[in-house]
Every structure is written in C-alpha cells, then in structure tokens.
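Structure first, commentary second.
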Amino acid sequence: MPTQHRAIQSRQALIRSAAQSFIDKGVSASGMVDISRRARLSKGALYFHFESKEELTLAVRDEALGALRELEEQLLRAPDPVLSASRDFAAALLDRVDRDVVVRAGLQIRPESDPAPTGTLLHRRWCTLFLEKAAADRSAGRLPPDTDPQRLARALTTMVVGLLELGHADRTWWSREAVTDMWRQLVPAPRTVPAGAGAGRPLRRARPGGPPAAVVQHRQRQR
C-alpha cells in the first residue's frame, strides 16, 4: 500500500476513533492514548498527524462540517420548491448524523480555540439557505404572494434544529418517516403547487403533545 494512502487511512481512523471517544466520554475525559488504541495505532502515529487533542478536536469538527457542506450544496441545487427541498435536506441531514459518528460528534463538540458554537453557525447558515429558496419560490409564483420568506425560513430552521436536538436522546426522531410526518403536519402545502407533488402514503396522525405518528410507528416496529 502506498505510504500516502496509508497515512490518509491512519488519519481517518484517528478522527473516527476520537469522534467515538468524544461521544462516549466527552472531549475533556478523552485521552490521546485511548484514542490511538481505539484506532489500533501507536501514540507516535497519533502525534505524527495531530500535535494536540485540540488539533484533533478541530479535525473532527471540520470533517463533520465538510460532510454537511455537501448536503447544503445539494439543497442549493435542488430544483424542487423550498418545502419539499427542505424536507429532503432534513431527511438526508438526520440520516447522515445517525449513520456517521464523526458528523454526530462534530455537531456536539466545541473546540476551545473556536469561540463560536458549531451549531449556532450551522443554524444561521441553514436559515439563510431556506430564505434564499423561499424568496425565489415566491418570485416564481410557487408560493402564495403573501408568504413571508423570512418567517418561513425561520420555521423550517426550527423544525430541522428541533428534530436534530431531539434525536440525540431518541434517535427515532432522525428517521425519514419522522421527518416526512413532521413536514406533512406542520408545513401547509402552498396553493400553487400542482396536485400530487410530493404526495405520499398518508401517515397516521399523532396524538396532541406526543411525537410524530411516524416515530410511534417506527418504535412499534422495533419492538
């Protein structure tokens, strides 16, 4: 195996090992020796790639942000109206967070050298993306003319962030069924959208105050 390829693999293994340790123990309780052992690499290999735990923490954060940037670019390129595009973005985002330990850890940690919480920056960025698409949709007649793009963007951001936060304690909130059900119940379909667009099989309505019906159904299937 070429040396460069082996070095890339070692770096990725250390980042994944650190991410899992950060989730299991927290950043402060995670030791460099334990992280290298989890990755099945020597302490010397760890310090070859990362001079400190802070540098490794930043690498986990940056890796997560890079993965999310790809999803944000897909949202920008999506030809669908903002309501369906935001739903698909949320589903893809939460699925990635659920499957990828680096993304999951990167959204929760806060490097000491970075004064701004990662989540706050992301939330603002998502709101801006939703606002751009909502404004374009209203101009194109795909939303009612009395729609306030800023209020809609804030509502969509609240939904995405809410599902993201709820899923840390109960990952059924990150299922595609939960996302679809939330959008169907809380986001009114625009009057100008053609009939059948984004339509799917009706889901059972949730009880007031409880989780989305899809979450309940998902839990029942897991029993």
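How things are named: the first chain in the structure tokens is A, the next is B, and so on; residues count from 1 in each chain; ligands count from 1 in the order shown.
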
(request) With a distance cut-off of 10 Å and only C-alpha atoms, select the neighbouring residues of Thr147 of chain A, excluding the residue or stretch itself and same-chain residues fewer than 6 positions from it, and output the selection as a list of chain:residue names. (result) A:Ala134, A:Ala135, A:Asp137, A:Arg138, A:Pro190

Compile a residue-level contact table for segment 76-107 of chain A against segment 161-173 of chain A at a cut-off of 10 Å, reporting for every qualifying residue the shortest atom pair and its distance in Å to one decimal, with only C-alpha atoms counted, rows ordered by chain and ascending number, as JSON lines.
```
{"residue": "A:Ala90", "atom": "CA", "partner": "A:Leu163", "partner_atom": "CA", "distance": 8.7}
{"residue": "A:Ala91", "atom": "CA", "partner": "A:Leu163", "partner_atom": "CA", "distance": 10.0}
{"residue": "A:Leu93", "atom": "CA", "partner": "A:Leu164", "partner_atom": "CA", "distance": 8.8}
{"residue": "A:Leu94", "atom": "CA", "partner": "A:Leu164", "partner_atom": "CA", "distance": 6.6}
{"residue": "A:Asp95", "atom": "CA", "partner": "A:Arg171", "partner_atom": "CA", "distance": 9.9}
{"residue": "A:Val97", "atom": "CA", "partner": "A:Leu164", "partner_atom": "CA", "distance": 8.5}
{"residue": "A:Asp98", "atom": "CA", "partner": "A:Arg171", "partner_atom": "CA", "distance": 7.2}
{"residue": "A:Arg104", "atom": "CA", "partner": "A:His168", "partner_atom": "CA", "distance": 8.8}
{"residue": "A:Leu107", "atom": "CA", "partner": "A:Leu164", "partner_atom": "CA", "distance": 9.8}
```

Selection file, N, CA and C atoms, as a tab-separated table (two decimals), in the first residue's frame:
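In the end it all went to again.tsv:
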```tsv
chain	number	residue	atom	x	y	z
A	90	ALA	N	-33.57	17.88	5.33
A	90	ALA	CA	-33.65	17.44	6.72
A	90	ALA	C	-33.49	15.93	6.82
A	91	ALA	N	-34.15	15.20	5.93
A	91	ALA	CA	-34.06	13.74	5.96
A	91	ALA	C	-32.63	13.27	5.71
A	93	LEU	N	-29.85	15.06	6.12
A	93	LEU	CA	-29.01	15.53	7.22
A	93	LEU	C	-29.11	14.60	8.42
A	94	LEU	N	-30.32	14.29	8.84
A	94	LEU	CA	-30.51	13.48	10.03
A	94	LEU	C	-30.06	12.04	9.81
A	95	ASP	N	-30.23	11.54	8.58
A	95	ASP	CA	-29.74	10.21	8.27
A	95	ASP	C	-28.21	10.17	8.37
A	97	VAL	N	-26.30	12.18	10.19
A	97	VAL	CA	-25.94	12.30	11.61
A	97	VAL	C	-26.12	10.96	12.31
A	98	ASP	N	-27.17	10.25	11.96
A	98	ASP	CA	-27.45	8.96	12.59
A	98	ASP	C	-26.40	7.92	12.23
A	104	ARG	N	-21.87	13.18	13.89
A	104	ARG	CA	-22.61	13.27	15.15
A	104	ARG	C	-21.77	13.96	16.23
A	107	LEU	N	-21.01	17.85	15.55
A	107	LEU	CA	-22.08	18.79	15.84
A	107	LEU	C	-22.23	19.08	17.33
```

(message) So that I can check the secondary structure, give me every residue of segment 49-119 of chain A assigned alpha helix (DSSP H) by backbone DSSP, as number ranges by chain.
(response) A: 49, 53-77, 82-99, 101-108, 118-119

Rows by chain and residue number, segment 70-164 of chain A within 12 Å of segment 13-37 of chain A, shortest pair, only C-alpha atoms, as a Markdown table:
```
| residue | atom | partner | partner_atom | distance |
| --- | --- | --- | --- | --- |
| A:Asp100 | CA | A:Arg16 | CA | 9.1 |
| A:Val101 | CA | A:Ala19 | CA | 6.3 |
| A:Val102 | CA | A:Ala19 | CA | 5.2 |
| A:Val103 | CA | A:Ala19 | CA | 8.3 |
| A:Arg104 | CA | A:Ala19 | CA | 8.0 |
| A:Ala105 | CA | A:Ala19 | CA | 5.4 |
| A:Gly106 | CA | A:Ala19 | CA | 7.4 |
| A:Leu107 | CA | A:Ala19 | CA | 10.4 |
| A:Gln108 | CA | A:Ile23 | CA | 8.3 |
| A:Ile109 | CA | A:Val27 | CA | 7.3 |
| A:Arg110 | CA | A:Val27 | CA | 8.8 |
| A:Pro111 | CA | A:Val27 | CA | 8.8 |
| A:Glu112 | CA | A:Val27 | CA | 10.3 |
```

(request) Return the single residue from A:Leu129, A:Met182, A:Leu156, A:Leu83 that is closest to Arg142 of chain A, with distances computed using only C-alpha atoms. (result) A:Leu83

(message) Rounded to one decimal, what separation in Å do you get between atom CA of Thr157 of chain A and atom CA of Cys127 of chain A?
(response) 5.5 Å

(message) Taking only C-alpha atoms into account, name the residue in A:Glu55, A:Ser10, A:Gln4, A:Gln74 that is nearest to Ser42 of chain A.
(response) A:Ser10

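The space separating atom CA of Val60 of chain A from atom CA of Arg6 of chain A comes to 19.0 Å.
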
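Residue nearest His49 of chain A within the list A:Arg11, A:Arg124, A:Arg176, A:Arg87: A:Arg11 [criterion: smallest interatomic distance, only C-alpha atoms].
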
(request) Could you tell me which of A:Ala64, A:Arg69, A:Arg40, A:Phe50 comes closest to Trp126 of chain A if we count only C-alpha atoms? (result) A:Arg69

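The coordinates place atom CA of Phe130 of chain A at 15.6 Å from atom CA of Glu70 of chain A.
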
(request) Rank nothing, just name the residue among A:Gln185, A:Leu131, A:Ala7, A:Lys53 nearest to Leu41 of chain A, using only C-alpha atoms. (result) A:Ala7

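If you measure from each of A:Glu51, A:Glu132, A:Asp181, A:Glu72 to Ala92 of chain A using only C-alpha atoms, the closest one turns out to be A:Glu72.
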